[in-house]
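For reference, the structure is listed below as structure tokens.
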Amino acid sequence: MTIADTKKVGLSRRNLLRGGLASGILVAFHLPLRKADAVTQPIAAARFAPNAFIRIGGDGITTLVMPQVEMGQGIYTSIAMILAEELDADFSRLTLEHAPPDDKLYGNPMFGLQSTGNSNSIRAFWKPMRAAGANARAMLIQAAAARWQVDPATCTAANSEVIHALSGRSFAYGDLVEAASALPIPKDTPFKNPDEFKLIGKPLKRLDTPDKVNGKAKYGIDAMMPGLSFATLAQCPVFGGKVAKIDDTAAKKVPGVRKIVVLEDLVAVVGDNMWAAKCGLEALNIIWDEGPNANLDSEEIWKQLRVASAKGGAVAKTNGDVTKGLAVGEKYEASFELPFLAHATMEPLNCTVHVKKEACEVWVGTQIMTRVQSEAAKAAGVPVDKVIVNQHLLGGGFGRRLEPDMVIAAVRIGRHVDGPVKVVWTREEDIQHDIYRPIYRDDVAATLEDGKIVAFKYRVAGSAIVARWLPPGFRNGIDGDAVDSATDAPYEIPNFQVEYVRAEPPAIPTGFFRGVGPNNNVFAIESFMDELARKAGKDPIAFRRAMLGKAPRVQNVLDLVAQKSGWGKLLPRRFGRGVSLQPTFDTAIATVVEAEVDDLGEVRLHRVTLAVDTGIAVNPDTIAAQLEGGIVFGLTAALYGEITIDKGRVQQSNFHDYRMLRIDQMPKIEIHIVKSGEAPGGIGEAGVIGSAPALRNAIYAATGVALRKLPIDRSLIAAGKKS
Amino acid sequence: MTTVLNLNGERKSVDVPDEMPLLWVLRDVLGMTGTKFGCGAALCGACTVHVDGKAVRSCLLSIGELGERAVTTIEGIGVTPVGAKVQKAWLDLEVVQCGYCQSGQVMSAAALLAATPRPDDADIDAAMAGNICRCGTYKRIRDAIKLASSERQP
Amino acid sequence: MKRPSYRITGGGIAIAAVIAAGVAWYVHGPGPIDFSQGPKVALSEYKAADPTGVPATMAQAGLVERGEYLARAADCMVCHTAPGAKEYTGGFAFKLPFGTLYSTNITPDKETGIGNYTDQDFLNAVRRGKRHDGARLYPAMPYTSYTYMTDSDVLAVKAYLFSLPPVISKPPVNTLAFPFNQRWAMTFWSAFFNPDTRFQPDTSMSPEWNRGAYLVEALAHCGECHTPRNIGFALDNRKKFGGALTAGWRAFNISSDTKAGLGGWSDDDIVSYLSVGHAKGHGTASGPMGEAVDHSFSKLTAPDIKAMVSFLRSVPAVTSPDLPDTLAPRAPPSHKEGMTANALGKSVFEGACVSCHGWTGESSISPMATLTGAWAVNDPGATNVAQIVISGTKRYTPSGALSMPSFGNSHSDAEIAAVANYVTARFGSKGSKVTEKDVATLRKQAGQ
Ligand code: FES
Ligand code: FES
């Protein structure tokens, strides 16, 4: 099983379109116009291309075109499973291809553009993929039935063959491509019943992994081509600053340095290899005009956010009368604050470009193919259709590659370079010029009467990422992402209100981060629930459970996690268990973290138990993997993640000061997947979200210290223990 | 300056300055992109190769310092029995997510198993804690190392 | 028993006078090269060779070029440059127990720098600790060493500094607490401790030794860090080069003691340590010493380095009883052998350190990162180990720069203490018992 090397495929978009239109079939194309002479090449062997996602050659090779990008979440395999399930293709002989940029053909229905994120690949493509597979299978069956002159209803398909069991005859799909191509595309072919699934629900091996253990997998950073030069760049360490002056005498003397590109806001050194470029950049003396943000610091940014938050905001959801409710019973209030975070994808930012006079080619791993294409076109000053984007595997996305900034920078640099140039960010540059998870402040107020919540008011203040990234999604002053899991909170509370305050931090660019808005909502709400449970004198799980009458799936995972985690069993001194619940991305999750705290405030993670109901589990092993990884991602942020600003610049720079959880700190992790017949939910972000509040609640249980901020401040724990 | 490298059992000569780290010689000069750049500061392990059988971070190891010592990279580890076992276990347990760190993880694990055929948890921590996985595949890495160590030579 | 009070007063005065004289004698102590005991003569009377100025190879050099060499030898730049700022523009912070002192801008800017200094002003500042406006300098400026420089050498340095572009840069205001913010008090200190005499060669010693003495004492001011201070905050040359704590780093014993000092080092070892910041089997210079190597010693000529070695060799042995007699050998390759306790320290080490330093302490990346044999890891106080974890270091070597990042911002005091204790126990002969409080103190003391 391979991911096709797009280099080897010689089909042009125009040819395919021509062929496709001639046969009246919406065609797949996997390669955009590469070279003008490609147009003159003959169309490849007879092929069946009933839609944008499936192509079957006369040789029987079935190629699936992947509309979503692979960044570790296993989506290539899961989408292939859905397609192959309904197509009845032989899963062991599939070829996968990255889709080219095309919003019409490959756009994500939930975003309206070709983008991978928000844990919605499966949710968005579940039906379209099943339809694509089912329709294609129906056409192949029809073609076979016509040849045999039998009723199509008497034929079945399996393993890339149509079978007529009555007569014992069969046709390989490859033999049917021509005949099937001539048929009209059926509509509304019925889908299989879940009990007929042969692939979906099985822990199949992922298709992208073999090449990832032997060094063959090609990420954006691995793009290689003749004549390639290598560049690395420095942007002004102060946000918004510009280049004032450079002295390149020393840099030019560095062996292997070919060129120094000075743009308004960045400097790049182009060399024979990354090392030469790096040494050249170090030897360069750059004087920055630091601009208006040179005195900005975290304290000031927080101050502004707190002021904005206090002003109040737009109501995103309201039930009952929260004002009245807050006047009844005993009132509790708390504010929670979450820091800026850098994505720190393992593969540092990079982009390879070849900018020519009238065209531009880009090699990159991105979550947003079409946006990259149009942004590259703008930066290169060429029409969009003259930009070829070659998609690569992503060495981590986490939302960082939902932004095109690395492509824009590379194209701007590439305009000054003859031939292709690979621009690679150093880790330092990557961390100091991220588009950060915004800081959030959440103010929560609630009243309790007879151990029950009467009213609950939750207000988020922070960036409206959606307003920048997908403006139509920002409505009535509400950023849907920022309040996502608050408006969807599973609890039955008579008076409940969610508010949102748009407050953009000065100068610091903010964007999506794995777990997105719910990270913030769930942390604040679930932390506060534990505090309320304690005030009410209730067990945290019992307290929550009593409010879940209308959310049976959530209640179910809560019960399951309670049972599997041994909730209620006695723990040694200094140990604590904490729980969190989340109704995110159409997936219900309950997480229990068991942790230990010592007198110095150091935290040791012992065990994480997670129960999940994500509807039909397309590939349960992938789901478990995503949750395991998400837990690590969330715990890393909870324990260490924080980007701070001083003198207008990010103070962290590499993994020594932007710290990651390591293998020796790992808790035991258990994932329990609930069997379900519901449509599949999202999973990629989900695991990240619940582990931080559950850990925070475990520390609360162990020490009584109610942490209200992330990352966890170990000195607060130590101080709390002493007092 | 021409340097002869002893690389995956072959001799390769390269014309690079002595202070150039092996990582960039592999990736940019020889086009062997399996070895990854993650931090450039020996903090993440993505660039791990074997030098005389031991796991070494190639991002800080200069060609001059390397000398004649034998280098094995992810492209060459599969032909060693221990490398093949590790790769197989990795696939059997579906360790990989984005995969970017995994060349380094496989190299570190192979070096561990070559030196300690039956590692316990502490051995795994000691050998693998220098390898960061941002996708968080640590649980499966541990399980896969144990699986590889329990399997006979393939 | 009651005594008439006047007797107490009278006796008190007498005793106090004796004590004061004793203290004065004690705190004043011998001069930096008094140990050589040979006859000292004025430079003008010393005929063997001129121990001052620039090396013979630079005899033809112009004034500015000579000044540059001498400014390097005196290492003016490191203290007069804040991290990331333009060279010689000042603002480098000296964190003292009683506040922070910032170095001055010594570019020739007339407003914020030394552009208005006359030759005499400059001589006064460098050798007498007296500012242009008459105010007194704090002895963070090592004028008690520079005082041994000749007029022409000081003025060559001035010529060099005046050849630099003037930069407008005002360092932050000092934040010293009372009474240390009273500059005038320095007048007394200086009157007492600054000999204000020029270098006097020792005729019984070789010209090479005398050149070394000039370089070490007048220019490189090694004693400022390596010689312990007495209660008057002046160098105690009775324990010359016996080692001391400065700015949160331990400057080790560089007397000729065979156990804790340079007595056990070969000439080549010392030459290599000074010129590249590393000597095989003896560790790597870092912190302030690393900077001294990068900006000063590595720029000196080979004969000058040799001369310094010749002088250093002659400094009488001073023992360091707190250091072990022998340095620990290479640690075992398995993490399970050797040091095993201290789970937190081990966890930090295996995640953040082992990739470079190895379980044996011998780095497979660069000898610069080898811990085996380094004094730092054999110091049961673990000062430098903890400090380098907090602050990191960057070393420039002939085969490129190599740095250790600073882990201070991401690791807690408890973690840093634990890893320092783990490292000294695993790679040194006697483990340290640093506490998180010690680490907090070290953080405060580090230069920047
Ligand atoms: S790239 Fe070498 S350890 Fe990270
Ligand atoms: S698999 Fe993505 S970083 Fe490890």
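By order of appearance in the structure tokens: chains A, B, ..., then residues from 1 within every chain, and ligands from 1 in the order shown.
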Compile a residue-level contact table for chain A against chain C at a cut-off of 10 Å, reporting for every qualifying residue the shortest atom pair and its distance in Å to one decimal, with only C-alpha atoms counted, rows ordered by chain and ascending number, as CSV.
residue,atom,partner,partner_atom,distance
A:Cys279,CA,C:Gly400,CA,9.4
A:Leu600,CA,C:Ala414,CA,6.6
A:Gly601,CA,C:Ala414,CA,8.8
A:Glu602,CA,C:Ala414,CA,8.0
A:Tyr640,CA,C:Ser410,CA,7.4
A:Gly641,CA,C:Ser410,CA,9.4
A:Glu642,CA,C:Ser410,CA,9.5
A:Gln651,CA,C:Asn409,CA,9.3
A:Gln652,CA,C:Asn409,CA,8.6
A:Ser653,CA,C:Pro405,CA,9.8
A:Asn654,CA,C:Pro405,CA,8.7
A:Phe655,CA,C:Ala352,CA,9.1
A:His656,CA,C:Phe407,CA,5.6
A:Asp657,CA,C:Ser410,CA,4.8
A:Tyr658,CA,C:Ser410,CA,6.9
A:Arg659,CA,C:Ser410,CA,6.6
A:Met660,CA,C:Gly351,CA,9.7
A:Leu661,CA,C:Gly351,CA,9.3
A:Arg662,CA,C:Gly351,CA,6.8
A:Ile663,CA,C:Gly351,CA,8.5
A:Asp664,CA,C:Ser347,CA,6.9
A:Gln665,CA,C:Ser347,CA,8.0
A:Asp713,CA,C:Ser412,CA,9.7
A:Arg714,CA,C:Ser412,CA,7.8
A:Ser715,CA,C:Ser412,CA,8.5
So that I can see what lies close to stretch 137-141 of chain C, please list as a PyMOL selection string the residues with an atom at most 12 Å from it, counting only C-alpha atoms and leaving out residues fewer than 5 positions away in the same chain. chain C and resi 74-76+78-80+92-96+100-104+124-132+146-147+174+176+180-190+193-194+221+224-225+232-235+246-247
Go ahead and save the residues from that selection, with C-alpha atoms, as an mmCIF file, in the first residue's frame.
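The resulting file, selection.cif, is reproduced below:
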data_model
loop_
_atom_site.group_PDB
_atom_site.id
_atom_site.type_symbol
_atom_site.label_atom_id
_atom_site.label_comp_id
_atom_site.auth_asym_id
_atom_site.auth_seq_id
_atom_site.Cartn_x
_atom_site.Cartn_y
_atom_site.Cartn_z
ATOM 1 C CA ALA C 74 41.430 43.349 29.635
ATOM 2 C CA ASP C 75 38.068 41.918 28.525
ATOM 3 C CA CYS C 76 36.269 45.254 28.632
ATOM 4 C CA VAL C 78 31.835 41.418 28.225
ATOM 5 C CA CYS C 79 30.993 43.602 31.192
ATOM 6 C CA HIS C 80 30.194 46.642 29.087
ATOM 7 C CA PHE C 92 25.119 44.633 31.705
ATOM 8 C CA ALA C 93 23.613 43.842 35.094
ATOM 9 C CA PHE C 94 25.716 42.880 38.070
ATOM 10 C CA LYS C 95 23.319 41.319 40.495
ATOM 11 C CA LEU C 96 24.688 41.920 43.969
ATOM 12 C CA THR C 100 21.774 45.605 40.819
ATOM 13 C CA LEU C 101 24.573 47.560 39.270
ATOM 14 C CA TYR C 102 24.647 48.324 35.555
ATOM 15 C CA SER C 103 27.780 48.807 33.534
ATOM 16 C CA THR C 104 28.223 52.015 31.591
ATOM 17 C CA ASN C 124 41.391 58.248 36.401
ATOM 18 C CA ALA C 125 38.459 56.031 35.655
ATOM 19 C CA VAL C 126 40.416 52.960 34.635
ATOM 20 C CA ARG C 127 43.104 53.109 37.274
ATOM 21 C CA ARG C 128 41.593 55.021 40.148
ATOM 22 C CA GLY C 129 37.893 54.315 39.884
ATOM 23 C CA LYS C 130 37.141 57.990 39.518
ATOM 24 C CA ARG C 131 34.495 59.084 37.099
ATOM 25 C CA HIS C 132 34.697 62.090 34.786
ATOM 26 C CA TYR C 146 43.826 47.939 35.898
ATOM 27 C CA THR C 147 45.755 50.245 38.149
ATOM 28 C CA ASN C 174 21.403 51.154 39.538
ATOM 29 C CA LEU C 176 21.432 49.577 45.126
ATOM 30 C CA PHE C 180 25.554 50.839 49.146
ATOM 31 C CA ASN C 181 23.952 53.518 47.000
ATOM 32 C CA GLN C 182 26.240 56.080 48.641
ATOM 33 C CA ARG C 183 28.917 56.381 46.027
ATOM 34 C CA TRP C 184 30.986 58.769 48.075
ATOM 35 C CA ALA C 185 31.692 55.947 50.504
ATOM 36 C CA MET C 186 33.702 54.353 47.748
ATOM 37 C CA THR C 187 36.259 57.079 48.170
ATOM 38 C CA PHE C 188 37.341 55.473 51.401
ATOM 39 C CA TRP C 189 37.231 52.014 50.018
ATOM 40 C CA SER C 190 39.345 53.053 47.111
ATOM 41 C CA PHE C 193 42.321 49.229 48.707
ATOM 42 C CA ASN C 194 43.514 50.767 45.500
ATOM 43 C CA HIS C 221 42.191 40.553 36.297
ATOM 44 C CA GLU C 224 38.753 39.405 40.664
ATOM 45 C CA CYS C 225 36.934 36.103 40.347
ATOM 46 C CA GLY C 232 36.466 44.508 53.342
ATOM 47 C CA PHE C 233 35.372 43.073 50.000
ATOM 48 C CA ALA C 234 38.954 43.282 48.783
ATOM 49 C CA LEU C 235 40.981 40.446 47.287
ATOM 50 C CA THR C 246 31.275 35.269 41.942
ATOM 51 C CA ALA C 247 27.992 36.179 40.322
#
Please list as a PyMOL selection string every residue within 8 Å of stretch 90-92 of chain B, counting only C-alpha atoms and excluding residues in the same chain fewer than 4 positions away. (chain A and resi 205+209-210+213) or (chain B and resi 86+96+141+144)
Output the contact residues of chain C with respect to chain B at a cut-off of 10 Å, based on only C-alpha atoms, as JSON, numbers by chain. {"C": [334, 335, 336, 346, 347, 348, 349, 350, 351, 352, 353, 354, 355, 356, 358, 359, 363, 364, 365, 366, 367, 397, 398, 399, 400, 401, 402, 403, 404, 405]}
Using only C-alpha atoms and all ligand atoms, find each residue of chain A with at least one atom at most 7 Å away from an atom of ligand 2; report its shortest atom-to-atom pair and that distance in Å (one decimal), sort the rows by chain and rising residue number, and return the result as CSV.
residue,atom,partner,partner_atom_place_in_ligand_line,distance
A:Gly72,CA,ligand 2,2 (Fe),6.2
A:Met346,CA,ligand 2,3 (S),5.1
A:Gly395,CA,ligand 2,2 (Fe),6.0
A:Gly396,CA,ligand 2,2 (Fe),5.6
Would you mind writing down, as an MDAnalysis selection string, each residue of stretch 257-309 of chain C that DSSP on the backbone assigns to strand (DSSP E or B)? chainID C and resid 278:279 283:284
Leaving out B:Lys146 and any residue of its chain fewer than 3 positions from it, which residues lie within 10 Å of it when counting only C-alpha atoms, given as an NGL selection string? :B and (86 or 89 or 113 or 117-121 or 124 or 140-143 or 149-151)
Excluding stretch 525-541 of chain A and its own-chain neighbours fewer than 4 positions away, which residues fall within 7 Å of it when counting only C-alpha atoms? Please give them as JSON, numbers by chain. {"A": [451, 521, 545, 580, 581, 693, 697]}
Keeping N, CA and C atoms for every residue in the selection just given, could you write it to a file as an mmCIF file, in the first residue's frame?
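Contents of out.cif, as written:
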data_model
loop_
_atom_site.group_PDB
_atom_site.id
_atom_site.type_symbol
_atom_site.label_atom_id
_atom_site.label_comp_id
_atom_site.auth_asym_id
_atom_site.auth_seq_id
_atom_site.Cartn_x
_atom_site.Cartn_y
_atom_site.Cartn_z
ATOM 1 N N GLY A 451 -27.682 21.844 47.657
ATOM 2 C CA GLY A 451 -26.720 20.995 46.944
ATOM 3 C C GLY A 451 -26.931 20.945 45.444
ATOM 4 N N ASN A 521 -13.357 26.126 27.369
ATOM 5 C CA ASN A 521 -14.670 25.967 27.999
ATOM 6 C C ASN A 521 -14.657 24.832 29.014
ATOM 7 N N ARG A 545 -23.529 13.700 37.751
ATOM 8 C CA ARG A 545 -24.460 12.716 37.213
ATOM 9 C C ARG A 545 -25.910 13.155 37.391
ATOM 10 N N SER A 580 -13.434 14.802 34.403
ATOM 11 C CA SER A 580 -13.993 15.863 33.567
ATOM 12 C C SER A 580 -14.915 15.241 32.535
ATOM 13 N N LEU A 581 -15.845 16.043 32.090
ATOM 14 C CA LEU A 581 -16.823 15.595 31.092
ATOM 15 C C LEU A 581 -16.789 16.542 29.921
ATOM 16 N N PRO A 693 -8.476 19.600 32.706
ATOM 17 C CA PRO A 693 -9.336 19.779 33.886
ATOM 18 C C PRO A 693 -9.342 18.569 34.807
ATOM 19 N N ASN A 697 -8.404 18.758 38.631
ATOM 20 C CA ASN A 697 -9.320 18.294 39.670
ATOM 21 C C ASN A 697 -8.682 17.215 40.542
#
Check every residue of chain B for an atom within 7 Å of chain A, counting only C-alpha atoms, and provide those that qualify as a PyMOL selection string. chain B and resi 20+24+28-29+33-35+38-39+43+74-75+87+91+94+96-103+106+125+128-129+132+134-138
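Near C:Ser298, within 7 Å and counting only C-alpha atoms, sit C:Leu274, C:Ser275, C:Val276, C:Val293, C:Asp294, C:His295; same-chain residues fewer than 3 positions away were not included.
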DSSP on the backbone: what in stretch 122-343 of chain C comes out helix (DSSP H, G or I), as an MDAnalysis selection string? chainID C and resid 122:128 143:146 151:163 185:193 207:219 223:226 237:239 262:264 267:276 287:295 297:299 302:314 343
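In this model, the gap between atom CA of A:Val69 and atom CA of A:Thr116 comes to 6.2 Å.
One finds atom CA of C:Pro166 at 22.4 Å from atom CA of A:Ala283.
The protein and nucleic acid residues lying at most 8 Å from stretch 404-412 of chain A are Leu349, Asn350, Cys351, Thr352, Val353, His354, Val355, Val362, Val364, Thr366, Ile368, Arg371, Val372, Glu375, Ala376, Ala379, Ala380, Lys422 and Val423 of chain A, with only C-alpha atoms considered and sequence neighbours fewer than 5 positions away removed.
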Would you put the residues from that selection into a file with N, CA, C and O atoms, as a PDB file, in the first residue's frame?
ATOM      1  N   LEU A 349       8.038  24.485  10.731  1.00  0.00           N
ATOM      2  CA  LEU A 349       7.421  25.095   9.569  1.00  0.00           C
ATOM      3  C   LEU A 349       8.390  25.098   8.404  1.00  0.00           C
ATOM      4  O   LEU A 349       9.593  25.276   8.579  1.00  0.00           O
ATOM      5  N   ASN A 350       7.843  24.909   7.242  1.00  0.00           N
ATOM      6  CA  ASN A 350       8.677  24.917   6.043  1.00  0.00           C
ATOM      7  C   ASN A 350       7.787  25.010   4.840  1.00  0.00           C
ATOM      8  O   ASN A 350       6.591  24.707   4.916  1.00  0.00           O
ATOM      9  N   CYS A 351       8.378  25.402   3.749  1.00  0.00           N
ATOM     10  CA  CYS A 351       7.654  25.405   2.483  1.00  0.00           C
ATOM     11  C   CYS A 351       8.683  25.532   1.369  1.00  0.00           C
ATOM     12  O   CYS A 351       9.626  26.321   1.470  1.00  0.00           O
ATOM     13  N   THR A 352       8.503  24.722   0.345  1.00  0.00           N
ATOM     14  CA  THR A 352       9.395  24.789  -0.804  1.00  0.00           C
ATOM     15  C   THR A 352       8.626  25.423  -1.953  1.00  0.00           C
ATOM     16  O   THR A 352       7.458  25.081  -2.170  1.00  0.00           O
ATOM     17  N   VAL A 353       9.284  26.339  -2.633  1.00  0.00           N
ATOM     18  CA  VAL A 353       8.586  27.002  -3.734  1.00  0.00           C
ATOM     19  C   VAL A 353       9.518  27.128  -4.939  1.00  0.00           C
ATOM     20  O   VAL A 353      10.741  27.150  -4.792  1.00  0.00           O
ATOM     21  N   HIS A 354       8.903  27.194  -6.072  1.00  0.00           N
ATOM     22  CA  HIS A 354       9.633  27.562  -7.278  1.00  0.00           C
ATOM     23  C   HIS A 354       8.801  28.649  -7.954  1.00  0.00           C
ATOM     24  O   HIS A 354       7.745  28.364  -8.521  1.00  0.00           O
ATOM     25  N   VAL A 355       9.273  29.861  -7.801  1.00  0.00           N
ATOM     26  CA  VAL A 355       8.520  30.978  -8.366  1.00  0.00           C
ATOM     27  C   VAL A 355       9.123  31.324  -9.716  1.00  0.00           C
ATOM     28  O   VAL A 355      10.320  31.606  -9.810  1.00  0.00           O
ATOM     29  N   VAL A 362       4.414  24.962  -5.453  1.00  0.00           N
ATOM     30  CA  VAL A 362       4.595  24.941  -4.001  1.00  0.00           C
ATOM     31  C   VAL A 362       4.599  23.492  -3.520  1.00  0.00           C
ATOM     32  O   VAL A 362       3.768  22.693  -3.953  1.00  0.00           O
ATOM     33  N   VAL A 364       4.348  21.542   0.057  1.00  0.00           N
ATOM     34  CA  VAL A 364       4.094  21.845   1.466  1.00  0.00           C
ATOM     35  C   VAL A 364       3.126  20.831   2.047  1.00  0.00           C
ATOM     36  O   VAL A 364       2.367  20.196   1.308  1.00  0.00           O
ATOM     37  N   THR A 366      -0.018  20.973   4.238  1.00  0.00           N
ATOM     38  CA  THR A 366      -0.906  22.019   4.761  1.00  0.00           C
ATOM     39  C   THR A 366      -2.284  21.467   5.052  1.00  0.00           C
ATOM     40  O   THR A 366      -2.713  20.494   4.432  1.00  0.00           O
ATOM     41  N   ILE A 368      -4.812  23.414   4.574  1.00  0.00           N
ATOM     42  CA  ILE A 368      -5.709  24.258   3.774  1.00  0.00           C
ATOM     43  C   ILE A 368      -5.168  24.437   2.355  1.00  0.00           C
ATOM     44  O   ILE A 368      -4.606  25.476   2.010  1.00  0.00           O
ATOM     45  N   ARG A 371      -6.524  27.505   0.117  1.00  0.00           N
ATOM     46  CA  ARG A 371      -6.125  28.810   0.646  1.00  0.00           C
ATOM     47  C   ARG A 371      -4.627  29.028   0.387  1.00  0.00           C
ATOM     48  O   ARG A 371      -4.201  30.122   0.034  1.00  0.00           O
ATOM     49  N   VAL A 372      -3.876  27.980   0.537  1.00  0.00           N
ATOM     50  CA  VAL A 372      -2.451  28.051   0.230  1.00  0.00           C
ATOM     51  C   VAL A 372      -2.256  28.428  -1.236  1.00  0.00           C
ATOM     52  O   VAL A 372      -1.416  29.256  -1.592  1.00  0.00           O
ATOM     53  N   GLU A 375      -3.266  32.142  -1.714  1.00  0.00           N
ATOM     54  CA  GLU A 375      -2.308  33.046  -1.064  1.00  0.00           C
ATOM     55  C   GLU A 375      -0.972  33.040  -1.797  1.00  0.00           C
ATOM     56  O   GLU A 375      -0.306  34.065  -1.926  1.00  0.00           O
ATOM     57  N   ALA A 376      -0.564  31.867  -2.268  1.00  0.00           N
ATOM     58  CA  ALA A 376       0.687  31.781  -3.027  1.00  0.00           C
ATOM     59  C   ALA A 376       0.561  32.594  -4.311  1.00  0.00           C
ATOM     60  O   ALA A 376       1.495  33.282  -4.729  1.00  0.00           O
ATOM     61  N   ALA A 379       0.937  36.220  -3.463  1.00  0.00           N
ATOM     62  CA  ALA A 379       2.319  36.570  -3.108  1.00  0.00           C
ATOM     63  C   ALA A 379       3.237  36.513  -4.317  1.00  0.00           C
ATOM     64  O   ALA A 379       4.197  37.266  -4.423  1.00  0.00           O
ATOM     65  N   ALA A 380       2.930  35.608  -5.242  1.00  0.00           N
ATOM     66  CA  ALA A 380       3.803  35.464  -6.404  1.00  0.00           C
ATOM     67  C   ALA A 380       3.380  36.406  -7.524  1.00  0.00           C
ATOM     68  O   ALA A 380       4.111  36.599  -8.493  1.00  0.00           O
ATOM     69  N   LYS A 422      13.911  25.747  -0.751  1.00  0.00           N
ATOM     70  CA  LYS A 422      13.202  25.194   0.420  1.00  0.00           C
ATOM     71  C   LYS A 422      13.462  26.102   1.601  1.00  0.00           C
ATOM     72  O   LYS A 422      14.599  26.274   2.014  1.00  0.00           O
ATOM     73  N   VAL A 423      12.413  26.681   2.124  1.00  0.00           N
ATOM     74  CA  VAL A 423      12.569  27.580   3.266  1.00  0.00           C
ATOM     75  C   VAL A 423      12.172  26.814   4.532  1.00  0.00           C
ATOM     76  O   VAL A 423      11.041  26.333   4.640  1.00  0.00           O
TER      77      VAL A 423
END
Nearest to ligand 1 by atom-to-atom distance, counting only C-alpha atoms and all ligand atoms, from B:Gly78, B:Ala70, B:Leu22, B:Leu147: B:Leu22
Calculated over only C-alpha atoms and all ligand atoms, which of the candidates B:Cys47, B:Thr73, B:Ala109, B:Pro81 has the smallest distance to ligand 1? B:Cys47
Could you please determine the separation between atom CA of A:Glu678 and atom CA of A:Ala617 in Å, to one decimal place?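 According to the coordinates, atom CA of A:Glu678 and atom CA of A:Ala617 are separated by 9.3 Å.
Comparing the minimum interatomic distances between ligand 1 and each of B:Gly83, B:Gly104, B:Gly76, B:Gly9, counting only C-alpha atoms and all ligand atoms, we find that B:Gly104 sits nearest.
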So, with only C-alpha atoms as the atoms that count, which of B:Lys36, B:Lys88, B:His50, B:Arg69 lies closest to B:Ser108?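 The shortest atom-to-atom distance to B:Ser108 comes from B:His50.
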Between B:Ala148, B:Cys133, B:Leu30, B:Val82, which one has atoms that come closest to ligand 1, using only C-alpha atoms and all ligand atoms?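 Under the stated criterion, the closest residue is B:Cys133.
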